[in-house]
>>> print(open('final.txt').read())   # compact mmCIF, C-alpha atoms (C1' of nucleotides)
# COMPACT_ATOMS: atom_id res chain seq x y z
CA MET A 1 0.00 0.00 0.00
CA THR A 2 2.86 2.39 0.70
CA ILE A 3 4.95 1.30 -2.26
CA PRO A 4 3.12 3.56 -4.76
CA LEU A 5 3.91 6.55 -2.56
CA TYR A 6 7.58 5.62 -2.33
CA ASN A 7 7.76 5.30 -6.10
CA ASN A 8 5.99 8.59 -6.54
CA LEU A 9 8.47 10.38 -4.29
CA THR A 10 11.48 8.87 -5.99
CA GLU A 11 10.26 10.06 -9.36
CA LYS A 12 11.26 13.54 -8.22
CA ILE A 13 13.78 13.11 -5.40
CA THR A 14 16.07 10.59 -3.77
CA ILE A 15 15.21 9.67 -0.23
CA THR A 16 16.73 7.31 2.35
CA ASP A 17 14.63 4.51 3.79
CA GLY A 18 14.93 6.15 7.20
CA ASP A 19 13.58 9.46 5.94
CA TYR A 20 10.82 7.73 4.04
CA ASN A 21 9.67 5.90 7.13
CA LYS A 22 9.82 9.09 9.15
CA PHE A 23 7.61 10.70 6.52
CA LEU A 24 5.21 7.76 6.46
CA GLU A 25 4.63 8.08 10.17
CA LEU A 26 3.28 11.57 9.62
CA THR A 27 0.70 10.33 7.11
CA LYS A 28 -2.49 8.36 7.50
CA SER A 29 -4.10 6.00 4.99
CA ILE A 30 -7.86 6.04 4.65
CA SER A 31 -10.62 4.79 2.37
CA ILE A 32 -13.15 6.96 0.60
CA SER A 33 -16.21 5.45 -1.04
CA LYS A 34 -17.48 6.43 -4.45
CA ASN A 35 -19.29 9.80 -4.38
CA ASP A 36 -17.88 10.74 -0.97
CA PHE A 37 -16.27 14.13 -0.54
CA PHE A 38 -12.62 14.59 0.35
CA ILE A 39 -13.05 18.38 0.40
CA HIS A 40 -16.30 20.28 0.49
CA GLU A 41 -16.41 23.89 -0.69
CA GLY A 42 -16.73 26.31 2.15
CA ASN A 43 -14.49 24.25 4.42
CA VAL A 44 -10.77 24.60 4.92
CA SER A 45 -8.75 21.96 3.16
CA LYS A 46 -6.88 20.37 6.08
CA TYR A 47 -5.19 17.59 4.14
CA ILE A 48 -3.29 16.93 0.98
CA ALA A 49 -3.92 13.48 -0.47
CA PHE A 50 -1.93 10.95 -2.45
CA VAL A 51 -4.14 8.53 -4.38
CA ASN A 52 -3.09 4.89 -3.93
CA SER A 53 -6.06 3.51 -5.83
CA GLY A 54 -9.27 4.82 -7.31
CA VAL A 55 -9.94 8.23 -8.87
CA LEU A 56 -10.76 11.59 -7.32
CA TYR A 57 -11.69 14.79 -9.09
CA SER A 58 -11.97 18.43 -8.11
CA TYR A 59 -14.47 20.93 -9.42
CA THR A 60 -16.05 24.31 -8.83
CA ILE A 61 -19.59 25.50 -9.30
CA ASP A 62 -19.73 28.90 -11.00
CA LYS A 63 -22.26 31.63 -10.33
CA LYS A 64 -24.41 30.38 -13.18
CA GLY A 65 -24.62 27.00 -11.47
CA ASN A 66 -22.38 25.17 -13.93
CA LYS A 67 -19.89 22.59 -12.74
CA HIS A 68 -16.30 22.86 -13.92
CA VAL A 69 -13.92 19.96 -13.48
CA VAL A 70 -10.47 21.31 -12.59
CA GLN A 71 -8.39 18.22 -11.90
CA ILE A 72 -8.80 14.48 -12.30
CA ALA A 73 -6.49 12.46 -10.07
CA PRO A 74 -6.20 8.70 -10.56
CA GLU A 75 -3.79 6.57 -8.50
CA ASN A 76 -0.24 7.87 -8.22
CA HIS A 77 -1.39 11.50 -8.23
CA TRP A 78 -1.67 14.11 -5.50
CA ILE A 79 -4.78 16.18 -5.04
CA SER A 80 -5.93 18.95 -2.73
CA ASP A 81 -6.97 22.56 -2.81
CA LEU A 82 -3.45 23.81 -2.26
CA PHE A 83 -4.59 27.37 -1.84
CA SER A 84 -6.90 26.53 1.02
CA PHE A 85 -4.39 24.05 2.42
CA PHE A 86 -1.67 26.67 2.66
CA SER A 87 -3.73 29.73 3.45
CA TYR A 88 -6.22 28.19 5.88
CA GLU A 89 -8.91 30.03 3.94
CA THR A 90 -12.09 28.25 2.94
CA SER A 91 -11.97 26.24 -0.22
CA ALA A 92 -13.81 27.13 -3.41
CA PHE A 93 -13.45 23.55 -4.65
CA ASN A 94 -15.14 20.26 -4.09
CA ILE A 95 -13.06 17.10 -4.27
CA GLU A 96 -15.04 13.93 -4.68
CA ALA A 97 -14.35 10.23 -5.30
CA ILE A 98 -15.38 8.90 -8.71
CA GLU A 99 -14.53 5.36 -7.59
CA ASP A 100 -13.84 3.83 -4.18
CA CYS A 101 -10.40 5.11 -3.23
CA GLU A 102 -7.48 4.35 -0.95
CA ILE A 103 -5.67 7.56 -0.18
CA THR A 104 -2.72 8.58 1.98
CA ILE A 105 -3.28 11.94 3.60
CA LEU A 106 -0.98 14.47 5.21
CA SER A 107 -2.29 17.19 7.50
CA ARG A 108 -1.08 20.76 7.33
CA GLU A 109 0.67 20.42 10.70
CA ASN A 110 2.49 17.28 9.64
CA PHE A 111 3.27 18.83 6.29
CA GLU A 112 5.16 21.57 8.16
CA LYS A 113 6.82 19.01 10.40
CA ALA A 114 7.88 16.92 7.42
CA CYS A 115 9.24 19.93 5.54
CA ASN A 116 11.14 21.14 8.58
CA THR A 117 12.74 17.83 9.49
CA ILE A 118 13.20 16.09 6.13
CA PRO A 119 14.87 18.30 3.51
CA ALA A 120 14.15 15.80 0.75
CA ILE A 121 10.45 16.12 1.49
CA GLU A 122 10.51 19.88 1.47
CA ARG A 123 12.19 19.72 -1.90
CA PHE A 124 9.59 17.24 -3.12
CA PHE A 125 6.68 19.47 -2.24
CA ARG A 126 8.26 22.56 -3.67
CA LEU A 127 8.67 20.67 -6.93
CA LEU A 128 5.13 19.35 -6.72
CA ILE A 129 3.64 22.82 -6.31
CA GLN A 130 5.81 24.25 -9.04
CA LYS A 131 4.62 21.51 -11.34
CA ALA A 132 1.01 22.15 -10.45
CA TYR A 133 1.52 25.82 -11.21
CA VAL A 134 3.19 25.20 -14.52
CA ASP A 135 0.57 22.64 -15.50
CA SER A 136 -2.06 25.23 -14.86
CA LEU A 137 -0.23 27.83 -16.99
CA ARG A 138 0.15 25.28 -19.74
CA ARG A 139 -3.53 24.51 -19.55
CA VAL A 140 -4.43 28.15 -20.09
CA SER A 141 -2.31 28.35 -23.20
CA ARG A 142 -3.71 25.07 -24.50
CA ILE A 143 -7.25 26.30 -24.10
CA TYR A 144 -6.32 29.34 -26.12
CA SER A 145 -4.33 27.66 -28.84
CA ASN A 146 -6.06 24.29 -29.31
CA SER A 147 -9.55 23.29 -30.31
CA ALA A 148 -11.61 21.01 -28.09
CA GLU A 149 -10.76 18.12 -30.40
CA GLU A 150 -7.03 18.76 -30.07
CA ARG A 151 -7.34 19.01 -26.29
CA TYR A 152 -9.18 15.71 -26.23
CA LEU A 153 -6.50 14.03 -28.31
CA ASN A 154 -3.83 15.48 -26.04
CA LEU A 155 -5.62 14.08 -23.04
CA ILE A 156 -5.93 10.55 -24.36
CA LYS A 157 -2.28 10.63 -25.37
CA SER A 158 -1.03 11.89 -22.02
CA ASN A 159 -3.54 10.03 -19.88
CA PRO A 160 -5.19 7.11 -21.64
CA LYS A 161 -6.27 5.48 -18.38
CA ILE A 162 -8.50 8.40 -17.46
CA ILE A 163 -10.61 8.06 -20.57
CA GLN A 164 -11.42 4.46 -19.81
CA ARG A 165 -12.42 4.95 -16.22
CA VAL A 166 -14.00 8.36 -15.92
CA PRO A 167 -17.55 9.06 -17.16
CA GLN A 168 -17.53 11.09 -20.32
CA HIS A 169 -19.31 14.13 -18.96
CA TYR A 170 -16.49 14.67 -16.44
CA ILE A 171 -13.97 14.56 -19.25
CA ALA A 172 -16.07 17.02 -21.23
CA SER A 173 -16.18 19.41 -18.31
CA TYR A 174 -12.43 19.09 -17.81
CA LEU A 175 -11.94 19.95 -21.48
CA GLY A 176 -14.27 22.91 -21.12
CA ILE A 177 -17.06 21.66 -23.39
CA LYS A 178 -20.52 20.12 -23.02
CA PRO A 179 -21.08 16.35 -23.02
CA GLN A 180 -22.94 16.62 -26.32
CA SER A 181 -19.96 18.27 -27.97
CA LEU A 182 -17.55 15.64 -26.70
CA SER A 183 -19.86 12.96 -27.98
CA ARG A 184 -19.83 14.54 -31.43
CA ILE A 185 -16.06 14.90 -31.40
CA ARG A 186 -15.66 11.23 -30.56
CA LYS A 187 -18.09 10.24 -33.25
CA LYS A 188 -16.17 12.22 -35.81
CA LEU A 189 -12.86 10.66 -34.69
CA TYR A 190 -13.88 7.03 -34.47
CA ASP A 191 -15.55 6.24 -37.75
CA MET B 1 12.79 53.78 -5.80
CA THR B 2 12.77 51.10 -3.15
CA ILE B 3 9.63 52.28 -1.40
CA PRO B 4 7.24 50.49 -3.80
CA LEU B 5 9.00 47.22 -3.04
CA TYR B 6 8.72 47.77 0.70
CA ASN B 7 5.02 48.48 0.35
CA ASN B 8 4.56 45.44 -1.82
CA LEU B 9 6.21 43.19 0.76
CA THR B 10 4.19 44.58 3.63
CA GLU B 11 0.96 43.88 1.78
CA LYS B 12 1.61 40.20 2.55
CA ILE B 13 4.01 40.09 5.49
CA THR B 14 5.45 42.19 8.28
CA ILE B 15 9.17 42.81 8.06
CA THR B 16 11.67 44.72 10.21
CA ASP B 17 13.69 47.52 8.68
CA GLY B 18 16.82 45.51 9.29
CA ASP B 19 15.51 42.49 7.42
CA TYR B 20 14.25 44.70 4.62
CA ASN B 21 17.66 46.29 4.17
CA LYS B 22 19.32 42.89 4.28
CA PHE B 23 16.94 41.80 1.54
CA LEU B 24 17.52 44.94 -0.51
CA GLU B 25 21.25 44.29 -0.57
CA LEU B 26 20.60 41.02 -2.36
CA THR B 27 18.68 42.74 -5.14
CA LYS B 28 19.75 44.95 -8.00
CA SER B 29 17.77 47.71 -9.70
CA ILE B 30 18.03 48.08 -13.45
CA SER B 31 16.36 49.82 -16.37
CA ILE B 32 14.83 48.10 -19.36
CA SER B 33 13.86 50.05 -22.47
CA LYS B 34 10.63 49.56 -24.34
CA ASN B 35 10.69 46.40 -26.47
CA ASP B 36 13.72 44.98 -24.66
CA PHE B 37 13.57 41.41 -23.37
CA PHE B 38 13.82 40.51 -19.72
CA ILE B 39 13.60 36.81 -20.53
CA HIS B 40 14.05 35.22 -23.92
CA GLU B 41 12.55 31.81 -24.57
CA GLY B 42 15.18 29.11 -24.75
CA ASN B 43 17.24 30.69 -21.97
CA VAL B 44 17.10 29.93 -18.28
CA SER B 45 15.28 32.56 -16.27
CA LYS B 46 18.00 33.64 -13.82
CA TYR B 47 16.04 36.44 -12.16
CA ILE B 48 12.70 37.25 -10.71
CA ALA B 49 11.68 40.89 -11.17
CA PHE B 50 9.66 43.41 -9.25
CA VAL B 51 8.35 46.23 -11.45
CA ASN B 52 8.94 49.68 -9.94
CA SER B 53 7.68 51.54 -12.98
CA GLY B 54 6.61 50.68 -16.51
CA VAL B 55 4.89 47.56 -17.80
CA LEU B 56 6.25 44.14 -18.73
CA TYR B 57 4.38 41.25 -20.25
CA SER B 58 5.06 37.57 -20.77
CA TYR B 59 3.95 35.46 -23.70
CA THR B 60 4.48 32.20 -25.52
CA ILE B 61 4.49 31.38 -29.19
CA ASP B 62 2.53 28.22 -29.95
CA LYS B 63 3.33 25.67 -32.63
CA LYS B 64 1.00 27.42 -35.05
CA GLY B 65 3.00 30.61 -34.62
CA ASN B 66 0.39 32.45 -32.60
CA LYS B 67 1.41 34.65 -29.70
CA HIS B 68 -0.36 34.19 -26.37
CA VAL B 69 -0.03 36.79 -23.65
CA VAL B 70 0.16 35.05 -20.29
CA GLN B 71 0.77 37.84 -17.81
CA ILE B 72 0.77 41.63 -17.87
CA ALA B 73 2.77 43.17 -15.04
CA PRO B 74 2.58 46.91 -14.40
CA GLU B 75 4.40 48.59 -11.50
CA ASN B 76 3.99 46.93 -8.12
CA HIS B 77 3.84 43.44 -9.65
CA TRP B 78 6.32 40.59 -9.79
CA ILE B 79 7.10 38.80 -13.01
CA SER B 80 9.30 35.90 -14.09
CA ASP B 81 9.07 32.45 -15.51
CA LEU B 82 8.90 30.81 -12.10
CA PHE B 83 9.19 27.35 -13.53
CA SER B 84 12.45 28.09 -15.28
CA PHE B 85 13.64 30.15 -12.32
CA PHE B 86 13.20 27.28 -9.91
CA SER B 87 14.02 24.34 -12.12
CA TYR B 88 16.96 25.83 -14.05
CA GLU B 89 15.32 24.49 -17.18
CA THR B 90 15.03 26.66 -20.28
CA SER B 91 12.08 28.98 -20.42
CA ALA B 92 9.17 28.64 -22.82
CA PHE B 93 8.22 32.27 -22.24
CA ASN B 94 9.35 35.63 -23.46
CA ILE B 95 9.10 38.57 -21.12
CA GLU B 96 9.32 41.95 -22.77
CA ALA B 97 8.94 45.61 -21.79
CA ILE B 98 5.88 47.39 -23.18
CA GLU B 99 7.17 50.70 -21.79
CA ASP B 100 10.53 51.79 -20.42
CA CYS B 101 10.79 50.09 -17.04
CA GLU B 102 12.64 50.31 -13.75
CA ILE B 103 12.81 46.88 -12.19
CA THR B 104 14.36 45.35 -9.09
CA ILE B 105 15.74 41.92 -9.75
CA LEU B 106 16.70 39.01 -7.52
CA SER B 107 18.91 36.19 -8.76
CA ARG B 108 18.21 32.57 -7.98
CA GLU B 109 21.27 32.38 -5.71
CA ASN B 110 20.22 35.42 -3.75
CA PHE B 111 16.66 34.18 -3.66
CA GLU B 112 17.95 31.09 -1.82
CA LYS B 113 20.10 33.23 0.42
CA ALA B 114 17.20 35.52 1.27
CA CYS B 115 14.86 32.59 1.97
CA ASN B 116 17.45 30.90 4.17
CA THR B 117 18.37 33.92 6.24
CA ILE B 118 15.14 35.96 6.37
CA PRO B 119 12.10 33.89 7.35
CA ALA B 120 9.72 36.73 6.51
CA ILE B 121 11.03 36.71 2.96
CA GLU B 122 10.67 32.98 2.60
CA ARG B 123 7.10 33.36 3.73
CA PHE B 124 6.54 36.18 1.29
CA PHE B 125 7.67 34.15 -1.69
CA ARG B 126 5.72 31.09 -0.71
CA LEU B 127 2.62 33.27 -0.59
CA LEU B 128 3.53 34.90 -3.89
CA ILE B 129 3.86 31.56 -5.65
CA GLN B 130 0.68 30.24 -4.11
CA LYS B 131 -1.12 33.31 -5.33
CA ALA B 132 0.29 32.92 -8.81
CA TYR B 133 -0.87 29.31 -8.82
CA VAL B 134 -4.34 30.14 -7.61
CA ASP B 135 -4.65 33.02 -10.07
CA SER B 136 -3.84 30.62 -12.84
CA LEU B 137 -6.46 28.12 -11.63
CA ARG B 138 -9.00 30.88 -11.40
CA ARG B 139 -8.14 31.98 -14.90
CA VAL B 140 -8.87 28.52 -16.27
CA SER B 141 -12.28 28.45 -14.67
CA ARG B 142 -13.02 31.95 -15.90
CA ILE B 143 -12.18 31.03 -19.45
CA TYR B 144 -14.61 28.16 -19.18
CA SER B 145 -17.43 29.93 -17.43
CA ASN B 146 -17.29 33.45 -18.85
CA SER B 147 -17.60 34.87 -22.35
CA ALA B 148 -14.87 37.08 -23.77
CA GLU B 149 -17.02 40.10 -23.01
CA GLU B 150 -17.39 39.10 -19.36
CA ARG B 151 -13.66 38.49 -19.10
CA TYR B 152 -12.99 41.91 -20.57
CA LEU B 153 -15.34 43.56 -18.10
CA ASN B 154 -13.68 41.66 -15.25
CA LEU B 155 -10.30 42.88 -16.39
CA ILE B 156 -11.25 46.57 -16.54
CA LYS B 157 -12.85 46.25 -13.14
CA SER B 158 -9.90 44.56 -11.49
CA ASN B 159 -7.20 46.38 -13.42
CA PRO B 160 -8.38 49.60 -15.02
CA LYS B 161 -4.86 50.97 -15.40
CA ILE B 162 -3.85 48.18 -17.72
CA ILE B 163 -6.50 49.02 -20.25
CA GLN B 164 -5.31 52.58 -20.55
CA ARG B 165 -1.64 51.80 -21.02
CA VAL B 166 -1.41 48.54 -22.88
CA PRO B 167 -2.10 48.30 -26.62
CA GLN B 168 -5.39 46.64 -27.33
CA HIS B 169 -4.02 43.65 -29.19
CA TYR B 170 -2.06 42.59 -26.10
CA ILE B 171 -5.23 42.75 -24.04
CA ALA B 172 -7.04 40.72 -26.68
CA SER B 173 -4.37 38.05 -26.58
CA TYR B 174 -4.46 37.99 -22.78
CA LEU B 175 -8.21 37.47 -22.95
CA GLY B 176 -7.74 34.69 -25.50
CA ILE B 177 -9.40 36.41 -28.45
CA LYS B 178 -8.33 38.18 -31.66
CA PRO B 179 -7.91 41.98 -31.81
CA GLN B 180 -10.86 42.22 -34.18
CA SER B 181 -13.11 40.48 -31.70
CA LEU B 182 -12.05 42.75 -28.85
CA SER B 183 -12.69 45.75 -31.06
CA ARG B 184 -16.22 44.53 -31.75
CA ILE B 185 -16.85 43.83 -28.08
CA ARG B 186 -15.76 47.35 -27.19
CA LYS B 187 -17.92 48.82 -29.91
CA LYS B 188 -20.91 46.92 -28.61
CA LEU B 189 -20.24 48.07 -25.04
CA TYR B 190 -19.56 51.72 -25.64
CA ASP B 191 -22.41 53.01 -27.75
C1' DC C 1 -39.97 -4.91 -16.51
C1' DG C 2 -39.40 -0.18 -15.95
C1' DC C 3 -36.83 3.51 -14.10
C1' DG C 4 -33.02 6.79 -14.58
C1' DG C 5 -28.51 8.47 -15.53
C1' DG C 6 -25.46 8.84 -19.17
C1' DT C 7 -24.75 9.15 -24.01
C1' DT C 8 -26.12 10.08 -28.69
C1' DT C 9 -28.29 12.59 -32.39
C1' DG C 10 -30.70 16.41 -34.74
C1' DA C 11 -31.82 21.24 -35.61
C1' DT C 12 -30.82 25.85 -34.72
C1' DG C 13 -28.28 29.74 -32.91
C1' DA C 14 -24.43 32.47 -30.67
C1' DT C 15 -19.74 33.47 -30.29
C1' DG C 16 -15.53 34.33 -32.06
C1' DC C 17 -12.32 33.39 -36.28
C1' DT C 18 -10.61 34.37 -41.01
C1' DC C 19 -9.87 37.07 -44.88
C1' DA C 20 -10.00 41.48 -46.57
C1' DA C 21 -10.35 46.30 -46.86
C1' DG C 22 -10.44 50.84 -44.93
C1' DC C 23 -9.34 54.18 -41.39
C1' DC C 24 -6.74 56.77 -38.00
C1' DC C 25 -2.68 58.79 -36.41
C1' DG C 26 2.08 59.45 -35.14
C1' DG C 27 6.62 59.48 -37.11
C1' DT C 28 9.89 60.27 -40.96
C1' DG C 29 12.00 62.20 -44.87
C1' DG C 30 11.79 65.41 -48.61
C1' DC D 1 5.29 71.96 -43.53
C1' DC D 2 3.42 68.44 -46.11
C1' DA D 3 3.28 63.80 -48.14
C1' DC D 4 3.75 59.36 -47.21
C1' DC D 5 4.37 55.25 -44.71
C1' DG D 6 3.15 51.72 -41.38
C1' DG D 7 1.19 49.84 -37.25
C1' DG D 8 -2.80 49.39 -34.85
C1' DC D 9 -7.60 49.70 -34.71
C1' DT D 10 -12.11 49.20 -36.99
C1' DT D 11 -15.57 47.26 -39.98
C1' DG D 12 -17.76 43.89 -43.10
C1' DA D 13 -19.01 39.25 -44.92
C1' DG D 14 -18.87 34.52 -44.50
C1' DC D 15 -17.50 30.53 -41.79
C1' DA D 16 -16.18 27.08 -38.01
C1' DT D 17 -16.87 25.68 -33.54
C1' DC D 18 -19.40 24.83 -29.82
C1' DA D 19 -23.86 25.79 -27.03
C1' DT D 20 -28.69 25.08 -26.45
C1' DC D 21 -32.99 22.76 -26.60
C1' DA D 22 -35.11 18.61 -27.30
C1' DA D 23 -35.80 13.90 -28.19
C1' DA D 24 -34.28 9.23 -28.53
C1' DC D 25 -31.45 5.59 -27.13
C1' DC D 26 -28.77 2.45 -24.20
C1' DC D 27 -27.97 -0.24 -20.32
C1' DG D 28 -27.31 -1.44 -15.45
C1' DC D 29 -30.03 -2.10 -11.47
C1' DG D 30 -33.79 -2.47 -8.31
>>> encode(input="final.txt", output="structure tokens")
Amino acid sequence: MTIPLYNNLTEKITITDGDYNKFLELTKSISISKNDFFIHEGNVSKYIAFVNSGVLYSYTIDKKGNKHVVQIAPENHWISDLFSFFSYETSAFNIEAIEDCEITILSRENFEKACNTIPAIERFFRLLIQKAYVDSLRRVSRIYSNSAEERYLNLIKSNPKIIQRVPQHYIASYLGIKPQSLSRIRKKLYD
Amino acid sequence: MTIPLYNNLTEKITITDGDYNKFLELTKSISISKNDFFIHEGNVSKYIAFVNSGVLYSYTIDKKGNKHVVQIAPENHWISDLFSFFSYETSAFNIEAIEDCEITILSRENFEKACNTIPAIERFFRLLIQKAYVDSLRRVSRIYSNSAEERYLNLIKSNPKIIQRVPQHYIASYLGIKPQSLSRIRKKLYD
DNA sequence: CGCGGGTTTGATGATGCTCAAGCCCGGTGG
DNA sequence: CCACCGGGCTTGAGCATCATCAAACCCGCG
């Protein structure tokens, strides 16, 4: 159960077994059932989560009542509302399980403790946040420069697993289009 | 010249005069003329910049040759390619002066030094990066949930100065539309 | 079997793009 | 001082993409 986390860390940093175990002790592993919330908008995001199995997704509801999927996190990904997590302000996001999930969570307090006592971990999280930031920048420029069809093709190329496991209307929302439009795009592509 | 920077810091943190002066010694103030580059894509972004006066903007060129404005930074804003700055990888952005600028720059080495020796500064930059990240997330959801006209209205409301000083085609690109479309939107609004 | 969410399909419309031409205005050289 | 040039802004016509409204379909599940 903790092997995926170890592998995830060592994708970005090198860490001794001792440090890894020290880090593990600060985390907690829990289960979330399908459709349960990990974060509910209006609350403060107290934890950051690493997905061992299952899929979570985050979304906002805009003032017109439309849902917008922001992130889809299958196993081996981290998810949280980092802004709320760091600022202690209430979250504007919901994070919900699409499937039953096993996740490893780290509280804000233990996040600080880990960063202060394990330099490799501090480095890891700095890199993680940087990557999240850059991904978000890249997403903006992709929205501007690519059509919905191109964005869809990019997504299946970079994340084929997601397509198979996540209902299509979530994918559509993530791509910024309506389910009907995604359906038409797929029809056009696959015949 | 250094007062704007002090005010900018104290918007987010409290800092002693001693710490502020220590920080100042790690920075350098330089001039950039209109149309000069602060960062050129393909290079590593060695500095992060605080704009004392003037306006800088960052953009990418996509594979179809289209320019996309990512950030517009008038005085009292920070600008850099944070990804390149932190990772030492080459930058995918250009950052260029729209007007003659006075900027205060901080090198990566001195950034580390400042963060290691002045806790208030480390805190400041963590908050700055978080804010940049959240702004970017918010921008994605705005693109999805608002029309170009709504985004334009948002921009004038939140940043009226920019509209007056920055050529319209940069604004259009920032909003993700063509100059012609912005022109039509403005026509529709103002008559 | 029938309900219900998710997906598909059709018809129509809005938004923003493309191509193209004209306009406005500041800067330059004669 | 004027003529001209060029960049940026505007305007027009037609088009592509995606949204909306609505209906039908599919399929797992009680």
>>> closest_residue(input="final.txt", among="A:Ala148, A:Ile171, A:Ile105, A:Leu82", to="chain B", atoms="only C-alpha atoms")
A:Leu82
>>> closest_residue(input="final.txt", among="D:DC18, D:DT11, D:DC26, D:DC5", to="chain B", atoms="only C-alpha atoms (C1' of nucleotides)")
D:DT11
>>> closest_atom_pairs(input="final.txt", of="chain D", to="chain A", cutoff="12 Å", atoms="only C-alpha atoms (C1' of nucleotides)", output="JSON lines")
{"residue": "D:DA16", "atom": "C1'", "partner": "A:Ser147", "partner_atom": "CA", "distance": 10.8}
{"residue": "D:DT17", "atom": "C1'", "partner": "A:Ser147", "partner_atom": "CA", "distance": 8.4}
{"residue": "D:DC18", "atom": "C1'", "partner": "A:Ser181", "partner_atom": "CA", "distance": 6.8}
{"residue": "D:DA19", "atom": "C1'", "partner": "A:Lys178", "partner_atom": "CA", "distance": 7.7}
{"residue": "D:DT20", "atom": "C1'", "partner": "A:Lys178", "partner_atom": "CA", "distance": 10.2}
{"residue": "D:DC21", "atom": "C1'", "partner": "A:Gln180", "partner_atom": "CA", "distance": 11.8}
>>> write_last_selection(input="final.txt", atoms="C-alpha atoms (C1' of nucleotides)", output="tab-separated table (two decimals), in the coordinates of the input")
chain	number	residue	atom	x	y	z
D	16	DA	C1'	-16.18	27.08	-38.01
D	17	DT	C1'	-16.87	25.68	-33.54
D	18	DC	C1'	-19.40	24.83	-29.82
D	19	DA	C1'	-23.86	25.79	-27.03
D	20	DT	C1'	-28.69	25.08	-26.45
D	21	DC	C1'	-32.99	22.76	-26.60
>>> atom_distance(input="final.txt", atom1="atom CA of B:Ser173", atom2="atom CA of B:Ile72")
10.7 Å
>>> interface_residues(input="final.txt", of="chain C", to="chain B", cutoff="12 Å", atoms="all atoms listed in the file", output="list of chain:residue names")
C:DA14, C:DT15, C:DG16, C:DC17, C:DT18, C:DC19
